[in-house]
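S.K.: What follows is a structure written as structure tokens; I'll ask about it next.
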Amino acid sequence: MKRLSFFLFLFVSMNTMMNAAVMIDRIEPTNWFVGMKNPSLQLMVYGKDIRSAEVTTDYAGVTIDSLVRLDSPDYLLVYLNLRGAQPGNMTLNFKVGKKTQKVSYPLLQREMSGEQRTGFSNADVLYMLMPDRFASGRDNDPVKGMRNYRVDRSQPSLRHGGDLEGIRQHLDYFNELGVTALWFTPVLENDSPDNAAGYSTYHGYATTDYYRVDPRFGTNDEYKQLIREAHQHGLKVVMDMIFNHCGFEHPWVANMPSKDWFNLPGWLEGNPEGKTNERFQQTSYKLTPVMDPYASQVDMRETVEGWFVPTMPDLNQKNPHVMTYLIQNSKWWIETVGIDGIRMDTYPYADRDGMALWMEELDAEYPNFNTVGETWVTEPAYTAAWQKGSRLSSKNSYLKTVMDFSFFDKLSQAKNEETDPWWKGYNRIYNSLVYDYLYEDPSNVMAFIENHDTDRFLGNGKDSLALKQALALLLTINRTPQLYYGTEIMMNGTKEVTDGHVRKDFPGGFPGDKKNAFTAEGRTQAEQAMFQWLSRLLHWRKGNDVIIRGKQTQFIPYQGVYVIARQYGGRTVLTILNGTTQPAVMSVARYAEVIGATSVATDVITGRHVRLDKDVNLRPRQTLIVEF
């Protein structure tokens, strides 16, 4: 009797499942585009027991290549071929048992071909900002449906309430300053709750939805409108992305699509709250094994497979379905909102082959686009090996632009030193730039003097002389330069206590601010002087072929003076730095090969004439940029 009851229960259960309505929670991506060079489309379907579904479509030009049934019953991957498809609403039929659910899926016309999308270059100056800390353009009422958080500007690690509308309202400010591109730290949903220690994911590096702008910043449509208006202001927009990891509250964590969707997830088994235990492996943060020809397996595994932090699960880019998802996501944002470039966070921490596949496919679809990868090692040889086509690597990364951590590191030391005859001061910069022969294209190396992960260049001080020298180098050498928000008004701070102290609010960006540094009237005399100096330099640099295309010649620092020349089309620019705290003399005879018969040059900041037929006297730590 018990056996009969069991079979009766089993029959009723199976019959109920077969006749239950198909329940699809969502499909990613939410829409797609026809006419892509790669006609394949992966649809990730979320829904209770959706794995067993059969899928059909009779949409013209579309075929179903395969269905991938993952370990979890609540996911289904549908691979489509759109080679012959035209724009329209495609109907997909999902059948489970006797029940069928029809889903209308939009296939859109692209706004332009991939070749028409032009990325940032060394002709641009990128201005990096954190949306939460730059400006607020609307009320900061709590967003319903988000996990526990609060807006409290007195707490450096909680949210402060900046948003996309605040950025949009200050587009004229960027024009006044003279930058040409904006890099926002990540804007995608970070629906992680504030923790008991007073930390939040205001920074944006813990994605919980790859297809949704965080509603505290705005909507997808507002993001698209901001980019459209930025373009009208002559500004490009670079999107910060993270393929190495996601946020702990992403649906993939509570319900893993497959056992290999993440790297080393075993410590989460039977541990729904994610409390670290002896099975947890954090990354070593040592990136050298990725390029080390003698690297051990254990070192490589700790670097690439270890989690960045316990609250940021490490994605497995070796899983082809994970990588396809991420590749498609980057294309979707390019096509949907019109970004002009991508900055990829924690680049070497992700699987090298997977990232190369992404870059190769992006390069094929968007040959004039640009992506910069964060490669945080301070040796030029390491950085250069990551650049597209590098002769130093057996594997082509297809990554056009890399970040110059060597320049940042050497400058951070030089600013506190006297330039001596050998190694200190600006000898450090000279000795870094001498390795530019390692790069396939030095102009596609992004240089910076500070960013959101470092101390501010000024530390806790206000040394305007050192800052001008750093900015003069940054904006005249053969690099793609990146500025950090607030440098133009001498914002300072260090990470001694928390990262929040180098990510302070821009004065005047928030309701109730007593000071408004977006206006000349709201700046102090020193801030206004720095803003005007930098703005003059930025506007002079814009469209300047000598800086964009010019040959670079540098001279070994001599008697404390460091000189770099740029030459193009019969024009010359000299950047002259007194790297000491004492008066110095630039002996013009030593620089005859770039000065020639020129007797008078023009100071690009003041417009005044500078005699070059006699030695040039320099004040302590003076910066002089002249052209002729």
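Following the order of the structure tokens, first chain is A, next is B, and so on, with residues numbered from 1 inside each chain and ligands from 1 in the order they appear.
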List every residue of region 380-617 of chain A that DSSP, applied to the backbone, labels as strand (DSSP E), and write the result as a VMD selection string.

M.R.: chain A and resid 401 to 403 445 to 448 480 to 484 551 to 558 561 to 568 571 to 578 584 to 586 600 to 603 609 to 611 616 to 617

S.K.: Any chance you could tabulate, as a Markdown table, the residues of region 550-590 of chain A at most 12 Å from region 458-479 of chain A with each one's nearest atom pair and distance in Å to one decimal, using only C-alpha atoms, in chain and rising number order?

M.R.:
| residue | atom | partner | partner_atom | distance |
| --- | --- | --- | --- | --- |
| A:Gly550 | CA | A:Asn478 | CA | 8.1 |
| A:Lys551 | CA | A:Asn478 | CA | 8.3 |
| A:Gln552 | CA | A:Asn478 | CA | 6.9 |
| A:Thr553 | CA | A:Ile477 | CA | 9.5 |
| A:Gln554 | CA | A:Ile477 | CA | 9.5 |
| A:Val561 | CA | A:Gln469 | CA | 11.8 |
| A:Tyr562 | CA | A:Leu473 | CA | 10.3 |
| A:Val563 | CA | A:Leu473 | CA | 9.9 |
| A:Ile564 | CA | A:Ile477 | CA | 7.6 |
| A:Ala565 | CA | A:Ile477 | CA | 8.5 |
| A:Arg566 | CA | A:Ile477 | CA | 7.7 |
| A:Gln567 | CA | A:Thr476 | CA | 11.2 |
| A:Thr572 | CA | A:Thr476 | CA | 11.5 |
| A:Val573 | CA | A:Thr476 | CA | 8.5 |
| A:Leu574 | CA | A:Thr476 | CA | 8.8 |
| A:Thr575 | CA | A:Ala472 | CA | 7.1 |
| A:Ile576 | CA | A:Gln469 | CA | 8.9 |
| A:Leu577 | CA | A:Gln469 | CA | 6.6 |
| A:Asn578 | CA | A:Gln469 | CA | 8.7 |
| A:Gly579 | CA | A:Gln469 | CA | 8.6 |
| A:Thr580 | CA | A:Ala466 | CA | 10.3 |
| A:Thr581 | CA | A:Leu465 | CA | 10.1 |

S.K.: Just write the chosen residues, C-alpha atoms, as a PDB file, in the first residue's frame.

M.R.:
ATOM      1  CA  GLY A 550      54.705  64.958 -32.247  1.00  0.00           C
ATOM      2  CA  LYS A 551      58.053  63.225 -31.879  1.00  0.00           C
ATOM      3  CA  GLN A 552      59.237  63.143 -28.281  1.00  0.00           C
ATOM      4  CA  THR A 553      62.801  63.902 -27.182  1.00  0.00           C
ATOM      5  CA  GLN A 554      63.783  63.856 -23.522  1.00  0.00           C
ATOM      6  CA  VAL A 561      66.446  70.725 -14.781  1.00  0.00           C
ATOM      7  CA  TYR A 562      64.350  68.223 -16.738  1.00  0.00           C
ATOM      8  CA  VAL A 563      63.417  69.052 -20.342  1.00  0.00           C
ATOM      9  CA  ILE A 564      61.115  67.188 -22.728  1.00  0.00           C
ATOM     10  CA  ALA A 565      60.569  68.329 -26.321  1.00  0.00           C
ATOM     11  CA  ARG A 566      57.680  67.535 -28.657  1.00  0.00           C
ATOM     12  CA  GLN A 567      58.074  68.363 -32.368  1.00  0.00           C
ATOM     13  CA  THR A 572      58.261  72.643 -31.097  1.00  0.00           C
ATOM     14  CA  VAL A 573      57.011  72.521 -27.523  1.00  0.00           C
ATOM     15  CA  LEU A 574      59.414  72.405 -24.580  1.00  0.00           C
ATOM     16  CA  THR A 575      58.324  71.326 -21.092  1.00  0.00           C
ATOM     17  CA  ILE A 576      60.937  72.655 -18.678  1.00  0.00           C
ATOM     18  CA  LEU A 577      60.908  71.703 -15.001  1.00  0.00           C
ATOM     19  CA  ASN A 578      63.181  72.861 -12.235  1.00  0.00           C
ATOM     20  CA  GLY A 579      63.201  69.720 -10.104  1.00  0.00           C
ATOM     21  CA  THR A 580      64.813  71.391  -7.115  1.00  0.00           C
ATOM     22  CA  THR A 581      63.822  73.775  -4.344  1.00  0.00           C
TER      23      THR A 581
END

S.K.: Could you pull out the residues in region 340-461 of chain A that DSSP calls alpha helix (DSSP H) from the backbone, as an MDAnalysis selection string?

M.R.: chainID A and resid 352:365 380:385 405:414 427:433

S.K.: Set the distance at 9 Å and use only C-alpha atoms: which residues neighbour Gln532 (chain A) once local chain neighbours fewer than 4 positions away are removed? I'd like the list as a PDB file with all heavy atoms, in the first residue's frame.

M.R.:
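Saved as result24.pdb:
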ATOM      1  N   LEU A 177      36.485  73.794 -18.155  1.00  0.00           N
ATOM      2  CA  LEU A 177      37.776  73.280 -17.713  1.00  0.00           C
ATOM      3  C   LEU A 177      38.653  72.904 -18.907  1.00  0.00           C
ATOM      4  O   LEU A 177      39.850  73.179 -18.914  1.00  0.00           O
ATOM      5  CB  LEU A 177      37.571  72.078 -16.794  1.00  0.00           C
ATOM      6  CG  LEU A 177      38.825  71.395 -16.249  1.00  0.00           C
ATOM      7  CD1 LEU A 177      39.676  72.378 -15.449  1.00  0.00           C
ATOM      8  CD2 LEU A 177      38.447  70.192 -15.387  1.00  0.00           C
ATOM      9  N   GLU A 488      41.677  70.093 -10.201  1.00  0.00           N
ATOM     10  CA  GLU A 488      41.706  71.466 -10.700  1.00  0.00           C
ATOM     11  C   GLU A 488      41.460  72.493  -9.607  1.00  0.00           C
ATOM     12  O   GLU A 488      41.767  73.678  -9.781  1.00  0.00           O
ATOM     13  CB  GLU A 488      40.688  71.636 -11.827  1.00  0.00           C
ATOM     14  CG  GLU A 488      39.222  71.543 -11.421  1.00  0.00           C
ATOM     15  CD  GLU A 488      38.674  70.120 -11.391  1.00  0.00           C
ATOM     16  OE1 GLU A 488      39.478  69.156 -11.300  1.00  0.00           O
ATOM     17  OE2 GLU A 488      37.445  69.966 -11.448  1.00  0.00           O
ATOM     18  N   GLU A 527      42.604  78.261  -5.326  1.00  0.00           N
ATOM     19  CA  GLU A 527      41.857  77.320  -6.161  1.00  0.00           C
ATOM     20  C   GLU A 527      41.588  77.909  -7.538  1.00  0.00           C
ATOM     21  O   GLU A 527      41.714  77.221  -8.557  1.00  0.00           O
ATOM     22  CB  GLU A 527      40.538  76.950  -5.477  1.00  0.00           C
ATOM     23  CG  GLU A 527      40.725  76.092  -4.235  1.00  0.00           C
ATOM     24  CD  GLU A 527      39.451  75.955  -3.418  1.00  0.00           C
ATOM     25  OE1 GLU A 527      38.479  76.691  -3.702  1.00  0.00           O
ATOM     26  OE2 GLU A 527      39.425  75.142  -2.480  1.00  0.00           O
ATOM     27  N   GLN A 528      41.226  79.173  -7.564  1.00  0.00           N
ATOM     28  CA  GLN A 528      40.950  79.814  -8.848  1.00  0.00           C
ATOM     29  C   GLN A 528      42.212  79.920  -9.693  1.00  0.00           C
ATOM     30  O   GLN A 528      42.172  79.718 -10.920  1.00  0.00           O
ATOM     31  CB  GLN A 528      40.349  81.210  -8.622  1.00  0.00           C
ATOM     32  CG  GLN A 528      40.089  82.010  -9.877  1.00  0.00           C
ATOM     33  CD  GLN A 528      39.059  81.392 -10.814  1.00  0.00           C
ATOM     34  OE1 GLN A 528      38.453  80.376 -10.493  1.00  0.00           O
ATOM     35  NE2 GLN A 528      38.862  82.000 -11.977  1.00  0.00           N
ATOM     36  N   ARG A 536      43.789  76.695 -18.914  1.00  0.00           N
ATOM     37  CA  ARG A 536      44.554  77.269 -20.029  1.00  0.00           C
ATOM     38  C   ARG A 536      45.376  76.179 -20.719  1.00  0.00           C
ATOM     39  O   ARG A 536      45.416  76.108 -21.952  1.00  0.00           O
ATOM     40  CB  ARG A 536      45.481  78.364 -19.498  1.00  0.00           C
ATOM     41  CG  ARG A 536      46.391  78.976 -20.559  1.00  0.00           C
ATOM     42  CD  ARG A 536      45.645  79.875 -21.515  1.00  0.00           C
ATOM     43  NE  ARG A 536      46.517  80.403 -22.549  1.00  0.00           N
ATOM     44  CZ  ARG A 536      46.764  79.820 -23.729  1.00  0.00           C
ATOM     45  NH1 ARG A 536      46.186  78.668 -24.021  1.00  0.00           N
ATOM     46  NH2 ARG A 536      47.564  80.389 -24.604  1.00  0.00           N
ATOM     47  N   LEU A 537      45.992  75.311 -19.944  1.00  0.00           N
ATOM     48  CA  LEU A 537      46.802  74.241 -20.506  1.00  0.00           C
ATOM     49  C   LEU A 537      45.938  73.229 -21.268  1.00  0.00           C
ATOM     50  O   LEU A 537      46.308  72.767 -22.354  1.00  0.00           O
ATOM     51  CB  LEU A 537      47.575  73.545 -19.378  1.00  0.00           C
ATOM     52  CG  LEU A 537      48.564  72.454 -19.768  1.00  0.00           C
ATOM     53  CD1 LEU A 537      49.589  72.966 -20.776  1.00  0.00           C
ATOM     54  CD2 LEU A 537      49.251  71.890 -18.524  1.00  0.00           C
TER      55      LEU A 537
END

S.K.: Write out as a PDB file with C-alpha atoms, in the first residue's frame each polymer residue whose atoms come within 6 Å of region 367-379 of chain A, counting only C-alpha atoms; drop sequence neighbours fewer than 3 positions from it.

M.R.:
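Result file is selection05.pdb:
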ATOM      1  CA  GLU A 115      33.212  51.021 -37.602  1.00  0.00           C
ATOM      2  CA  THR A 118      35.168  56.110 -32.346  1.00  0.00           C
ATOM      3  CA  GLY A 119      36.770  55.661 -28.958  1.00  0.00           C
ATOM      4  CA  GLY A 341      35.161  53.587 -24.441  1.00  0.00           C
ATOM      5  CA  ILE A 342      35.521  51.085 -21.629  1.00  0.00           C
ATOM      6  CA  ARG A 343      37.801  51.057 -18.620  1.00  0.00           C
ATOM      7  CA  MET A 344      38.154  47.484 -17.370  1.00  0.00           C
ATOM      8  CA  ASP A 345      38.772  47.079 -13.655  1.00  0.00           C
ATOM      9  CA  THR A 346      41.230  44.505 -12.193  1.00  0.00           C
ATOM     10  CA  TYR A 347      42.228  43.352 -15.677  1.00  0.00           C
ATOM     11  CA  ASP A 363      38.040  44.866 -31.844  1.00  0.00           C
ATOM     12  CA  ALA A 364      36.441  42.996 -34.737  1.00  0.00           C
ATOM     13  CA  TYR A 382      54.880  44.098 -17.342  1.00  0.00           C
ATOM     14  CA  THR A 401      45.379  50.849 -23.969  1.00  0.00           C
ATOM     15  CA  VAL A 402      47.086  50.046 -20.671  1.00  0.00           C
ATOM     16  CA  MET A 403      47.505  52.159 -17.532  1.00  0.00           C
ATOM     17  CA  PHE A 405      51.419  52.729 -13.074  1.00  0.00           C
ATOM     18  CA  SER A 406      55.166  53.203 -13.532  1.00  0.00           C
TER      19      SER A 406
END

S.K.: Record the distance separating CA of Ile327 (chain A) and CA of Leu80 (chain A), expressed in Å with one decimal.

M.R.: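 Interatomic distance here is 15.4 Å.
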
S.K.: Tell me which of A:Leu399, A:Met490, A:Ile27, A:Ala584 sits closest to Leu92 (chain A), counting only C-alpha atoms.

M.R.: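 Ranking A:Leu399, A:Met490, A:Ile27, A:Ala584 by distance to Leu92 (chain A), first place goes to A:Ile27.
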
S.K.: Work out how far CA of Asp71 (chain A) is from CA of Lys95 (chain A), in Å to one decimal.

M.R.: 19.2 Å

S.K.: Out of A:Gln86, A:Ser72, A:Thr602, A:Asn427, which residue has the shortest atom-to-atom distance to Lys415 (chain A) when counting only C-alpha atoms?

M.R.: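 Among A:Gln86, A:Ser72, A:Thr602, A:Asn427, it is A:Asn427 that comes nearest to Lys415 (chain A).
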
S.K.: Distance CA of Gly88 (chain A)-CA of Asn31 (chain A), one decimal place?

M.R.: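 Between CA of Gly88 (chain A) and CA of Asn31 (chain A) the gap works out to 10.6 Å.
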
S.K.: Which of these, A:Met446, A:Ile605, A:Met239, A:Ala181, has the shortest distance to Gly204 (chain A) once you count only C-alpha atoms?

M.R.: A:Met239
